[in-house]
Structure formats: C-alpha cells, structure tokens
file entry_29.pdb (PDB, C-alpha atoms)
ATOM      1  CA  LEU A  62       0.000   0.000   0.000
ATOM      2  CA  GLU A  63       0.985   3.623  -0.477
ATOM      3  CA  PRO A  64       1.780   5.372   2.865
ATOM      4  CA  GLU A  65      -1.413   7.442   2.696
ATOM      5  CA  GLU A  66      -3.512   4.307   2.134
ATOM      6  CA  SER A  67      -1.776   2.533   5.042
ATOM      7  CA  GLU A  68      -2.504   5.488   7.321
ATOM      8  CA  MET A  69      -6.168   5.485   6.280
ATOM      9  CA  ASP A  70      -6.484   1.756   7.037
ATOM     10  CA  LEU A  71      -4.718   2.275  10.364
ATOM     11  CA  TRP A  72      -7.092   5.086  11.314
ATOM     12  CA  ALA A  73     -10.033   2.769  10.569
ATOM     13  CA  LEU A  74      -8.522   0.144  12.918
ATOM     14  CA  ILE A  75      -8.054   2.725  15.678
ATOM     15  CA  GLN A  76     -11.693   3.737  15.355
ATOM     16  CA  LEU A  77     -12.679   0.065  15.504
ATOM     17  CA  ALA A  78     -10.551  -0.414  18.632
ATOM     18  CA  ILE A  79     -12.199   2.557  20.317
ATOM     19  CA  ILE A  80     -15.683   1.345  19.441
ATOM     20  CA  GLY A  81     -14.891  -2.230  20.488
ATOM     21  CA  GLY A  82     -13.141  -1.161  23.675
ATOM     22  CA  SER A  83      -9.913  -3.022  22.848
ATOM     23  CA  ALA A  84      -7.135  -1.226  24.726
ATOM     24  CA  PHE A  85      -4.431  -3.550  23.329
ATOM     25  CA  LEU A  86      -5.469  -3.005  19.675
ATOM     26  CA  PHE A  87      -5.708   0.728  20.312
ATOM     27  CA  LEU A  88      -2.179   0.779  21.796
ATOM     28  CA  VAL A  89      -0.672  -1.250  18.942
ATOM     29  CA  CYS A  90      -2.360   0.847  16.252
ATOM     30  CA  SER A  91      -1.335   4.083  17.965
ATOM     31  CA  CYS A  92       2.329   2.979  18.105
ATOM     32  CA  VAL A  93       2.364   1.901  14.463
ATOM     33  CA  GLY A  94       0.567   5.093  13.499
ATOM     34  CA  GLY A  95       3.210   7.177  15.263
ATOM     35  CA  ILE A  96       6.000   5.341  13.435
ATOM     36  CA  LEU A  97       4.272   5.843  10.070
ATOM     37  CA  TYR A  98       3.714   9.517  10.828
ATOM     38  CA  PHE A  99       7.380  10.197  11.629
ATOM     39  CA  GLN A 100       8.498   8.161   8.605
ATOM     40  CA  ARG A 101       6.261  10.270   6.415
ATOM     41  CA  ILE A 102       7.635  13.516   7.889
ATOM     42  CA  LYS A 103      11.189  12.251   7.293
ATOM     43  CA  ARG A 104      10.315  11.297   3.722
ATOM     44  CA  LEU A 105       8.833  14.724   3.067
ATOM     45  CA  ARG A 106      11.930  16.473   4.395
ATOM     46  CA  LEU A 107      14.130  14.407   2.081
ATOM     47  CA  ASN A 108      11.949  15.522  -0.834
ATOM     48  CA  PRO A 109      13.730  18.422  -2.638
ATOM     49  CA  LEU A 110      10.289  19.993  -3.197
ATOM     50  CA  TYR A 111       9.407  19.884   0.529
ATOM     51  CA  GLY A 112       8.166  23.262   1.723
ATOM     52  CA  ILE A 113       8.168  24.750  -1.796
ATOM     53  CA  ASN A 114       5.027  26.096  -3.418
ATOM     54  CA  VAL A 115       5.807  24.433  -6.758
ATOM     55  CA  GLN A 116       2.623  25.591  -8.473
ATOM     56  CA  GLY A 117       3.146  29.175  -7.299
ATOM     57  CA  LEU A 118       6.797  29.140  -8.380
ATOM     58  CA  LEU A 119       5.931  27.726 -11.789
ATOM     59  CA  GLN A 120       3.240  30.376 -12.273
ATOM     60  CA  GLU A 121       5.728  33.070 -11.268
ATOM     61  CA  ILE A 122       8.237  31.843 -13.874
ATOM     62  CA  TYR A 123       5.465  31.720 -16.472
ATOM     63  CA  ASP A 124       4.355  35.284 -15.691
ATOM     64  CA  ASP A 125       7.944  36.587 -15.809
ATOM     65  CA  LEU A 126       8.532  35.078 -19.269
ATOM     66  CA  LEU A 127       5.105  35.659 -20.815
ATOM     67  CA  GLU A 128       6.066  38.903 -22.545
ATOM     68  CA  GLU A 129       9.346  37.515 -23.933
ATOM     69  CA  GLN A 130       9.156  37.802 -27.732
ATOM     70  CA  SER A 131      12.727  37.078 -28.874
ATOM     71  CA  GLY A 132      13.549  34.089 -31.052
ATOM     72  CA  ALA A 133      11.503  32.495 -33.814
ATOM     73  CA  VAL A 134       9.780  29.228 -34.627
ATOM     74  CA  ALA A 135      11.827  26.610 -36.501
ATOM     75  CA  SER A 136      11.807  27.264 -40.236
ATOM     76  CA  TYR A 137      13.999  24.404 -41.501
ATOM     77  CA  ILE A 138      10.965  22.091 -41.297
ATOM     78  CA  PRO A 139       7.989  23.679 -43.132
ATOM     79  CA  ASP A 140       5.269  22.336 -40.838
ATOM     80  CA  LEU A 141       6.974  23.657 -37.712
ATOM     81  CA  GLU A 142       7.006  27.141 -39.213
ATOM     82  CA  LYS A 143       3.193  27.122 -39.012
ATOM     83  CA  VAL A 144       3.134  26.758 -35.206
ATOM     84  CA  ASP A 145       1.558  29.649 -33.290
ATOM     85  CA  PRO A 146       4.551  31.490 -31.732
ATOM     86  CA  ASP A 147       2.359  32.819 -28.912
ATOM     87  CA  LEU A 148       1.730  29.360 -27.446
ATOM     88  CA  PHE A 149       3.623  29.014 -24.179
ATOM     89  CA  GLY A 150       3.160  26.467 -21.441
ATOM     90  CA  LEU A 151       5.133  24.940 -18.588
ATOM     91  CA  ALA A 152       4.632  21.624 -16.849
ATOM     92  CA  VAL A 153       6.547  19.788 -14.133
ATOM     93  CA  MET A 154       5.720  16.349 -12.782
ATOM     94  CA  SER A 155       7.001  14.987  -9.486
ATOM     95  CA  CYS A 156       8.296  11.437  -9.080
ATOM     96  CA  GLN A 157       5.019  10.711  -7.284
ATOM     97  CA  GLY A 158       3.041  11.663 -10.414
ATOM     98  CA  LYS A 159       1.723  15.055  -9.280
ATOM     99  CA  LEU A 160       1.412  17.489 -12.178
ATOM    100  CA  TYR A 161       2.104  21.223 -11.849
ATOM    101  CA  SER A 162       1.339  23.370 -14.891
ATOM    102  CA  ALA A 163       0.829  26.883 -16.207
ATOM    103  CA  GLY A 164      -0.195  28.450 -19.507
ATOM    104  CA  ASP A 165      -0.890  26.456 -22.683
ATOM    105  CA  HIS A 166       0.287  23.161 -21.192
ATOM    106  CA  SER A 167      -2.620  21.209 -22.695
ATOM    107  CA  SER A 168      -1.962  22.313 -26.297
ATOM    108  CA  LEU A 169      -0.685  19.501 -28.519
ATOM    109  CA  PHE A 170       2.787  19.932 -29.982
ATOM    110  CA  SER A 171       5.400  17.972 -31.906
ATOM    111  CA  ILE A 172       7.910  16.705 -29.351
ATOM    112  CA  GLN A 173      10.769  16.552 -31.879
ATOM    113  CA  SER A 174      14.093  15.825 -30.107
ATOM    114  CA  VAL A 175      12.332  15.367 -26.768
ATOM    115  CA  ALA A 176      11.830  11.824 -28.112
ATOM    116  CA  LYS A 177      15.577  11.133 -27.820
ATOM    117  CA  PRO A 178      15.752  10.485 -24.037
ATOM    118  CA  PHE A 179      12.752   8.135 -24.348
ATOM    119  CA  LEU A 180      14.432   6.347 -27.249
ATOM    120  CA  TYR A 181      17.645   5.880 -25.255
ATOM    121  CA  ALA A 182      15.679   4.704 -22.205
ATOM    122  CA  PHE A 183      13.942   2.132 -24.371
ATOM    123  CA  GLY A 184      17.305   0.986 -25.739
ATOM    124  CA  ILE A 185      18.623   0.520 -22.194
ATOM    125  CA  SER A 186      15.520  -1.402 -21.107
ATOM    126  CA  TYR A 187      15.728  -3.689 -24.154
ATOM    127  CA  ASN A 188      19.484  -4.101 -24.662
ATOM    128  CA  GLY A 189      20.948  -3.213 -21.273
ATOM    129  CA  LEU A 190      23.169  -0.237 -20.419
ATOM    130  CA  ASP A 191      26.463  -1.968 -21.249
ATOM    131  CA  MET A 192      25.473  -2.725 -24.829
ATOM    132  CA  MET A 193      24.119   0.787 -25.387
ATOM    133  CA  GLN A 194      27.366   2.302 -24.137
ATOM    134  CA  GLU A 195      29.326   0.029 -26.459
ATOM    135  CA  LYS A 196      27.533   1.651 -29.406
ATOM    136  CA  ILE A 197      26.848   5.203 -28.215
ATOM    137  CA  GLY A 198      28.936   7.517 -26.024
ATOM    138  CA  VAL A 199      27.750   9.716 -23.173
ATOM    139  CA  GLU A 200      29.956  12.775 -23.628
ATOM    140  CA  PRO A 201      29.193  16.216 -25.131
ATOM    141  CA  SER A 202      30.194  16.545 -28.774
ATOM    142  CA  GLY A 203      31.063  20.232 -28.826
ATOM    143  CA  ALA A 204      29.368  20.387 -32.230
ATOM    144  CA  ALA A 205      25.907  21.076 -33.657
ATOM    145  CA  PHE A 206      23.057  18.623 -33.026
ATOM    146  CA  ASN A 207      23.201  17.420 -36.640
ATOM    147  CA  SER A 208      26.983  17.060 -36.831
ATOM    148  CA  GLU A 209      28.377  13.887 -38.401
ATOM    149  CA  LYS A 210      31.426  14.052 -36.129
ATOM    150  CA  MET A 211      32.141  10.867 -34.127
ATOM    151  CA  ASP A 212      34.155  10.341 -30.949
ATOM    152  CA  PRO A 213      37.720   8.888 -31.054
ATOM    153  CA  ASN A 214      36.232   5.365 -30.886
ATOM    154  CA  GLY A 215      34.035   5.919 -33.932
ATOM    155  CA  LYS A 216      30.819   6.170 -31.908
ATOM    156  CA  PRO A 217      28.252   8.977 -31.774
ATOM    157  CA  PHE A 218      29.174  11.201 -28.836
ATOM    158  CA  ASN A 219      25.824  10.796 -27.065
ATOM    159  CA  PRO A 220      22.208   9.709 -27.701
ATOM    160  CA  PHE A 221      20.891  13.279 -27.847
ATOM    161  CA  ILE A 222      22.564  14.367 -31.077
ATOM    162  CA  ASN A 223      21.064  13.120 -34.316
ATOM    163  CA  ALA A 224      23.802  10.564 -35.003
ATOM    164  CA  GLY A 225      23.241   9.058 -31.548
ATOM    165  CA  ALA A 226      19.472   8.974 -31.961
ATOM    166  CA  ILE A 227      19.826   7.254 -35.348
ATOM    167  CA  ALA A 228      22.137   4.686 -33.733
ATOM    168  CA  CYS A 229      19.477   4.132 -31.045
ATOM    169  CA  CYS A 230      16.909   3.406 -33.753
ATOM    170  CA  GLY A 231      19.252   0.802 -35.193
ATOM    171  CA  LEU A 232      19.266  -0.972 -31.819
ATOM    172  CA  LEU A 233      15.487  -1.365 -31.574
ATOM    173  CA  PRO A 234      14.003  -4.887 -31.629
ATOM    174  CA  LEU A 235      14.278  -6.558 -35.023
ATOM    175  CA  GLY A 236      11.164  -7.028 -37.113
ATOM    176  CA  GLU A 237       8.929  -5.182 -39.536
ATOM    177  CA  ALA A 238       8.965  -1.391 -39.392
ATOM    178  CA  ASP A 239       5.316  -1.193 -38.291
ATOM    179  CA  SER A 240       5.969  -3.579 -35.412
ATOM    180  CA  ARG A 241       9.068  -1.712 -34.251
ATOM    181  CA  TYR A 242       7.218   1.588 -34.424
ATOM    182  CA  SER A 243       4.302   0.230 -32.384
ATOM    183  CA  ILE A 244       6.630  -1.115 -29.689
ATOM    184  CA  LEU A 245       8.393   2.240 -29.324
ATOM    185  CA  LYS A 246       5.153   4.252 -29.484
ATOM    186  CA  ASN A 247       3.580   2.142 -26.744
ATOM    187  CA  PHE A 248       6.695   2.495 -24.573
ATOM    188  CA  MET A 249       6.704   6.287 -24.921
ATOM    189  CA  SER A 250       2.940   6.510 -24.402
ATOM    190  CA  ASP A 251       3.251   4.573 -21.147
ATOM    191  CA  LEU A 252       5.744   7.169 -19.896
ATOM    192  CA  SER A 253       3.646  10.174 -20.929
ATOM    193  CA  TYR A 254       1.082  11.927 -18.740
ATOM    194  CA  SER A 255      -1.691  11.517 -21.327
ATOM    195  CA  GLY A 256      -0.927   7.822 -21.796
ATOM    196  CA  SER A 257      -1.259   8.133 -25.556
ATOM    197  CA  LEU A 258       1.080   9.661 -28.132
ATOM    198  CA  GLU A 259       0.140   9.859 -31.809
ATOM    199  CA  LEU A 260       2.067  10.266 -35.036
ATOM    200  CA  ASP A 261       1.376  13.624 -36.715
ATOM    201  CA  MET A 262       1.428  12.643 -40.388
ATOM    202  CA  SER A 263       1.632  16.248 -41.578
ATOM    203  CA  VAL A 264       4.805  16.832 -39.561
ATOM    204  CA  TYR A 265       6.116  13.406 -40.600
ATOM    205  CA  TYR A 266       5.858  14.188 -44.320
ATOM    206  CA  SER A 267       7.276  17.656 -43.742
ATOM    207  CA  GLU A 268      10.230  16.117 -41.915
ATOM    208  CA  THR A 269      10.954  13.410 -44.474
ATOM    209  CA  GLY A 270      10.888  15.991 -47.260
ATOM    210  CA  THR A 271      13.612  18.060 -45.574
ATOM    211  CA  ALA A 272      15.495  15.404 -43.644
ATOM    212  CA  ASP A 273      18.990  15.725 -45.118
ATOM    213  CA  GLN A 274      21.447  15.772 -42.211
ATOM    214  CA  ASN A 275      18.513  16.071 -39.789
TER     215      ASN A 275
END
call {"tool": "encode", "arguments": {"input": "entry_29.pdb", "output": "structure tokens"}}
result
Amino acid sequence: LEPEESEMDLWALIQLAIIGGSAFLFLVCSCVGGILYFQRIKRLRLNPLYGINVQGLLQEIYDDLLEEQSGAVASYIPDLEKVDPDLFGLAVMSCQGKLYSAGDHSSLFSIQSVAKPFLYAFGISYNGLDMMQEKIGVEPSGAAFNSEKMDPNGKPFNPFINAGAIACCGLLPLGEADSRYSILKNFMSDLSYSGSLELDMSVYYSETGTADQN
C-alpha cells in the first residue's frame, strides 16, 4: 500500500478499537501510526520539493517570461514554421506523479528531439546499459546537433545528437517497421502523462521531405 492508504487503514482500525473497547489493539495501532507519521515527515523532508510552493513558483516563472518575444519558430521544417509562436506552457511532474502546470500546457505539440531520451531509455531497457554504451557515447560533442562528427572510438558522442538517436533506432528490436514503431510508441505513451502519443502525419511528411542531415 501507499503510505497514505496505510494510514487510512490504520485510522479505521483505531476507530474500531475505540468502538470495540480493545485497549491492546488501540495501543498497537497508535504505536504503528506514530512510526508511520514520523516516517512520512522524514520522507517529506528528504523531498527536494518539501516546503516549496511548486505551483506558485511555476506560475511566477510563467508570468515573468510571458512577454518575452525574442527568437523564432523553426523554419527548416515547413510544418513547424506554421506553429503559433504565442503558445507558451510549462509543466513539471514529481516522481510521485503530481502534475504542476501553467499556460498552454494542454496544447498539442510535436515533441521533436524530446523523443531522444525516451528512445535511449527504451534501448537501455531492451538491450541493457552496457550494450548501449558500447555503441553510443555519453559525452558532449562540442558540435551542432546534426553534426556527423564521431568520438575517437568511432561512436556517436551521445544519444541526444542526431547521429546518436539514429544509432538508437538501429538498436530497436528486429522485425517489420510497423511492429518496431508500435513497440516504441507504446513504450513512450506509457511514460507520458496523457498515456497516448500519436504520429502527426503532416509533420512526418514535412520532416521526411527536408530530412537531409537532420
């Protein structure tokens, strides 16, 4: 059980002990309840977010940056150039699954290179870390994301540049392309908050039409 569920069940037992007049059960439940309470307080204090108003802080960051108008949408992929530049959202999720958000966080968007950490995580879960590190490095390249430069051992520098991500794709389970795509899509969907990621065909065709060195 989760700690909160355990505490709820314990509270029900204490109430039962009081109603039934069982001093022994009441004493035992009270002792266990005290231990759980102090464990929970200790756990909260070890939490880096303990005592922080995460939602308020996120909203403050959002408000501070809302009027920022520098930069431009990506133009090297035609479909990305059509994205509304005024969309702006922030979202943070705790390890316990609590979501904090501000702005246009529910608007759909193309995740682009955000897929790379998920792809590497899948590679590790399928092939193991040792094999992945045999094929792909973990050091910064010092070059652009689409550089063809390799490390001194002939490997992509890391999984987050294009060469590394392409190498990750080559380490996916063997089989037909549709099957491999479905496996990866399901893995990434399971890790997402919505539980379901979809392929944007318009962006896909736009990407494949301008994919040289990308």
call {"tool": "residues_around", "arguments": {"input": "entry_29.pdb", "residues": "Asp273 of chain A", "least_positions_apart": "2", "cutoff": "12 Å", "atoms": "all atoms listed in the file", "output": "ChimeraX atom specification"}}
result
/A:137-138,207-209,223,267-271,275
call {"tool": "resolve_selection", "arguments": {"input": "entry_29.pdb", "expression": "the PyMOL selection byres ((chain A and resi 151-154) around 12)", "output": "ChimeraX atom specification"}}
result
/A:110,115-116,118-124,126-127,148-150,155-168,252-254
call {"tool": "closest_residue", "arguments": {"input": "entry_29.pdb", "among": "A:Asp140, A:Asp212, A:Asp145, A:Glu129", "to": "Gly225 of chain A", "atoms": "all atoms listed in the file"}}
result
A:Asp212
call {"tool": "atom_distance", "arguments": {"input": "entry_29.pdb", "atom1": "atom CA of Val264 of chain A", "atom2": "atom CA of Glu142 of chain A"}}
result
10.5 Å
call {"tool": "closest_residue", "arguments": {"input": "entry_29.pdb", "among": "A:Glu259, A:Gly184, A:Val199, A:Asn214", "to": "Lys246 of chain A", "atoms": "all atoms listed in the file"}}
result
A:Glu259
call {"tool": "atom_distance", "arguments": {"input": "entry_29.pdb", "atom1": "atom CA of Lys177 of chain A", "atom2": "atom CA of Met249 of chain A"}}
result
10.5 Å
call {"tool": "residues_around", "arguments": {"input": "entry_29.pdb", "residues": "Val175 of chain A", "least_positions_apart": "3", "cutoff": "12 Å", "atoms": "only C-alpha atoms", "output": "list in words"}}
result
Phe170, Ser171, Ile172, Pro178, Phe179, Leu180, Tyr181, Pro220, Phe221, Ile222, Asn223, Ala226, Met249 and Ser253 of chain A
call {"tool": "atom_distance", "arguments": {"input": "entry_29.pdb", "atom1": "atom CA of Asp147 of chain A", "atom2": "atom CA of Asp125 of chain A"}}
result
14.7 Å
call {"tool": "residues_around", "arguments": {"input": "entry_29.pdb", "residues": "Arg241 of chain A", "least_positions_apart": "5", "cutoff": "12 Å", "atoms": "all atoms listed in the file", "output": "ChimeraX atom specification"}}
result
/A:180,183,230-236,246-248
call {"tool": "residues_around", "arguments": {"input": "entry_29.pdb", "residues": "Met211 of chain A", "least_positions_apart": "4", "cutoff": "9 Å", "atoms": "only C-alpha atoms", "output": "list in words"}}
result
Ser202, Gly215, Lys216, Pro217, Phe218 and Ala224 of chain A
call {"tool": "axis_aligned_box", "arguments": {"input": "entry_29.pdb", "around": "segment 130-147 of chain A", "padding_each_side": "3 Å", "output": "AutoDock Vina command-line options"}}
result
--center_x 7.8 --center_y 29.9 --center_z -35.4 --size_x 18.4 --size_y 21.7 --size_z 21.4
call {"tool": "closest_residue", "arguments": {"input": "entry_29.pdb", "among": "A:Leu258, A:Ala204, A:Ala238, A:Ile113", "to": "Leu169 of chain A", "atoms": "all atoms listed in the file"}}
result
A:Leu258
call {"tool": "build_atoms", "arguments": {"input": "entry_29.pdb", "residues": "segment 208-226 of chain A", "atoms": "N, CA, C and O atoms", "output": "PDB file, in the coordinates of the input"}}
result
ATOM      1  N   SER A 208      25.615  17.312 -36.385  1.00  0.00           N
ATOM      2  CA  SER A 208      26.983  17.060 -36.831  1.00  0.00           C
ATOM      3  C   SER A 208      27.203  15.571 -37.085  1.00  0.00           C
ATOM      4  O   SER A 208      26.652  14.715 -36.393  1.00  0.00           O
ATOM      5  N   GLU A 209      28.023  15.276 -38.090  1.00  0.00           N
ATOM      6  CA  GLU A 209      28.377  13.887 -38.401  1.00  0.00           C
ATOM      7  C   GLU A 209      29.652  13.454 -37.669  1.00  0.00           C
ATOM      8  O   GLU A 209      30.106  12.321 -37.822  1.00  0.00           O
ATOM      9  N   LYS A 210      30.187  14.327 -36.863  1.00  0.00           N
ATOM     10  CA  LYS A 210      31.426  14.052 -36.129  1.00  0.00           C
ATOM     11  C   LYS A 210      31.231  12.914 -35.128  1.00  0.00           C
ATOM     12  O   LYS A 210      30.223  12.846 -34.434  1.00  0.00           O
ATOM     13  N   MET A 211      32.193  11.989 -35.057  1.00  0.00           N
ATOM     14  CA  MET A 211      32.141  10.867 -34.127  1.00  0.00           C
ATOM     15  C   MET A 211      33.250  11.017 -33.083  1.00  0.00           C
ATOM     16  O   MET A 211      34.212  11.768 -33.279  1.00  0.00           O
ATOM     17  N   ASP A 212      33.120  10.267 -31.986  1.00  0.00           N
ATOM     18  CA  ASP A 212      34.155  10.341 -30.949  1.00  0.00           C
ATOM     19  C   ASP A 212      35.390   9.547 -31.394  1.00  0.00           C
ATOM     20  O   ASP A 212      35.369   8.894 -32.452  1.00  0.00           O
ATOM     21  N   PRO A 213      36.485   9.586 -30.633  1.00  0.00           N
ATOM     22  CA  PRO A 213      37.720   8.888 -31.054  1.00  0.00           C
ATOM     23  C   PRO A 213      37.548   7.384 -31.273  1.00  0.00           C
ATOM     24  O   PRO A 213      38.361   6.767 -31.969  1.00  0.00           O
ATOM     25  N   ASN A 214      36.476   6.794 -30.697  1.00  0.00           N
ATOM     26  CA  ASN A 214      36.232   5.365 -30.886  1.00  0.00           C
ATOM     27  C   ASN A 214      35.271   5.072 -32.034  1.00  0.00           C
ATOM     28  O   ASN A 214      34.849   3.928 -32.219  1.00  0.00           O
ATOM     29  N   GLY A 215      34.917   6.113 -32.784  1.00  0.00           N
ATOM     30  CA  GLY A 215      34.035   5.919 -33.932  1.00  0.00           C
ATOM     31  C   GLY A 215      32.563   5.811 -33.560  1.00  0.00           C
ATOM     32  O   GLY A 215      31.754   5.347 -34.370  1.00  0.00           O
ATOM     33  N   LYS A 216      32.204   6.236 -32.354  1.00  0.00           N
ATOM     34  CA  LYS A 216      30.819   6.170 -31.908  1.00  0.00           C
ATOM     35  C   LYS A 216      30.210   7.569 -31.889  1.00  0.00           C
ATOM     36  O   LYS A 216      30.937   8.564 -31.745  1.00  0.00           O
ATOM     37  N   PRO A 217      28.890   7.686 -32.014  1.00  0.00           N
ATOM     38  CA  PRO A 217      28.252   8.977 -31.774  1.00  0.00           C
ATOM     39  C   PRO A 217      28.579   9.429 -30.344  1.00  0.00           C
ATOM     40  O   PRO A 217      28.667   8.598 -29.432  1.00  0.00           O
ATOM     41  N   PHE A 218      28.763  10.712 -30.153  1.00  0.00           N
ATOM     42  CA  PHE A 218      29.174  11.201 -28.836  1.00  0.00           C
ATOM     43  C   PHE A 218      28.149  10.905 -27.748  1.00  0.00           C
ATOM     44  O   PHE A 218      28.505  10.598 -26.613  1.00  0.00           O
ATOM     45  N   ASN A 219      26.870  11.025 -28.068  1.00  0.00           N
ATOM     46  CA  ASN A 219      25.824  10.796 -27.065  1.00  0.00           C
ATOM     47  C   ASN A 219      24.496  10.528 -27.775  1.00  0.00           C
ATOM     48  O   ASN A 219      24.381  10.746 -28.981  1.00  0.00           O
ATOM     49  N   PRO A 220      23.481  10.057 -27.054  1.00  0.00           N
ATOM     50  CA  PRO A 220      22.208   9.709 -27.701  1.00  0.00           C
ATOM     51  C   PRO A 220      21.321  10.895 -28.027  1.00  0.00           C
ATOM     52  O   PRO A 220      20.250  10.721 -28.615  1.00  0.00           O
ATOM     53  N   PHE A 221      21.766  12.118 -27.675  1.00  0.00           N
ATOM     54  CA  PHE A 221      20.891  13.279 -27.847  1.00  0.00           C
ATOM     55  C   PHE A 221      21.254  14.138 -29.051  1.00  0.00           C
ATOM     56  O   PHE A 221      20.611  15.145 -29.318  1.00  0.00           O
ATOM     57  N   ILE A 222      22.313  13.764 -29.765  1.00  0.00           N
ATOM     58  CA  ILE A 222      22.564  14.367 -31.077  1.00  0.00           C
ATOM     59  C   ILE A 222      21.956  13.420 -32.117  1.00  0.00           C
ATOM     60  O   ILE A 222      21.654  12.266 -31.828  1.00  0.00           O
ATOM     61  N   ASN A 223      21.772  13.922 -33.310  1.00  0.00           N
ATOM     62  CA  ASN A 223      21.064  13.120 -34.316  1.00  0.00           C
ATOM     63  C   ASN A 223      21.745  11.788 -34.618  1.00  0.00           C
ATOM     64  O   ASN A 223      21.087  10.756 -34.764  1.00  0.00           O
ATOM     65  N   ALA A 224      23.080  11.810 -34.702  1.00  0.00           N
ATOM     66  CA  ALA A 224      23.802  10.564 -35.003  1.00  0.00           C
ATOM     67  C   ALA A 224      23.546   9.524 -33.908  1.00  0.00           C
ATOM     68  O   ALA A 224      23.372   8.332 -34.191  1.00  0.00           O
ATOM     69  N   GLY A 225      23.505   9.972 -32.657  1.00  0.00           N
ATOM     70  CA  GLY A 225      23.241   9.058 -31.548  1.00  0.00           C
ATOM     71  C   GLY A 225      21.823   8.528 -31.565  1.00  0.00           C
ATOM     72  O   GLY A 225      21.574   7.348 -31.289  1.00  0.00           O
ATOM     73  N   ALA A 226      20.869   9.400 -31.894  1.00  0.00           N
ATOM     74  CA  ALA A 226      19.472   8.974 -31.961  1.00  0.00           C
ATOM     75  C   ALA A 226      19.255   7.971 -33.092  1.00  0.00           C
ATOM     76  O   ALA A 226      18.504   7.001 -32.948  1.00  0.00           O
TER      77      ALA A 226
END
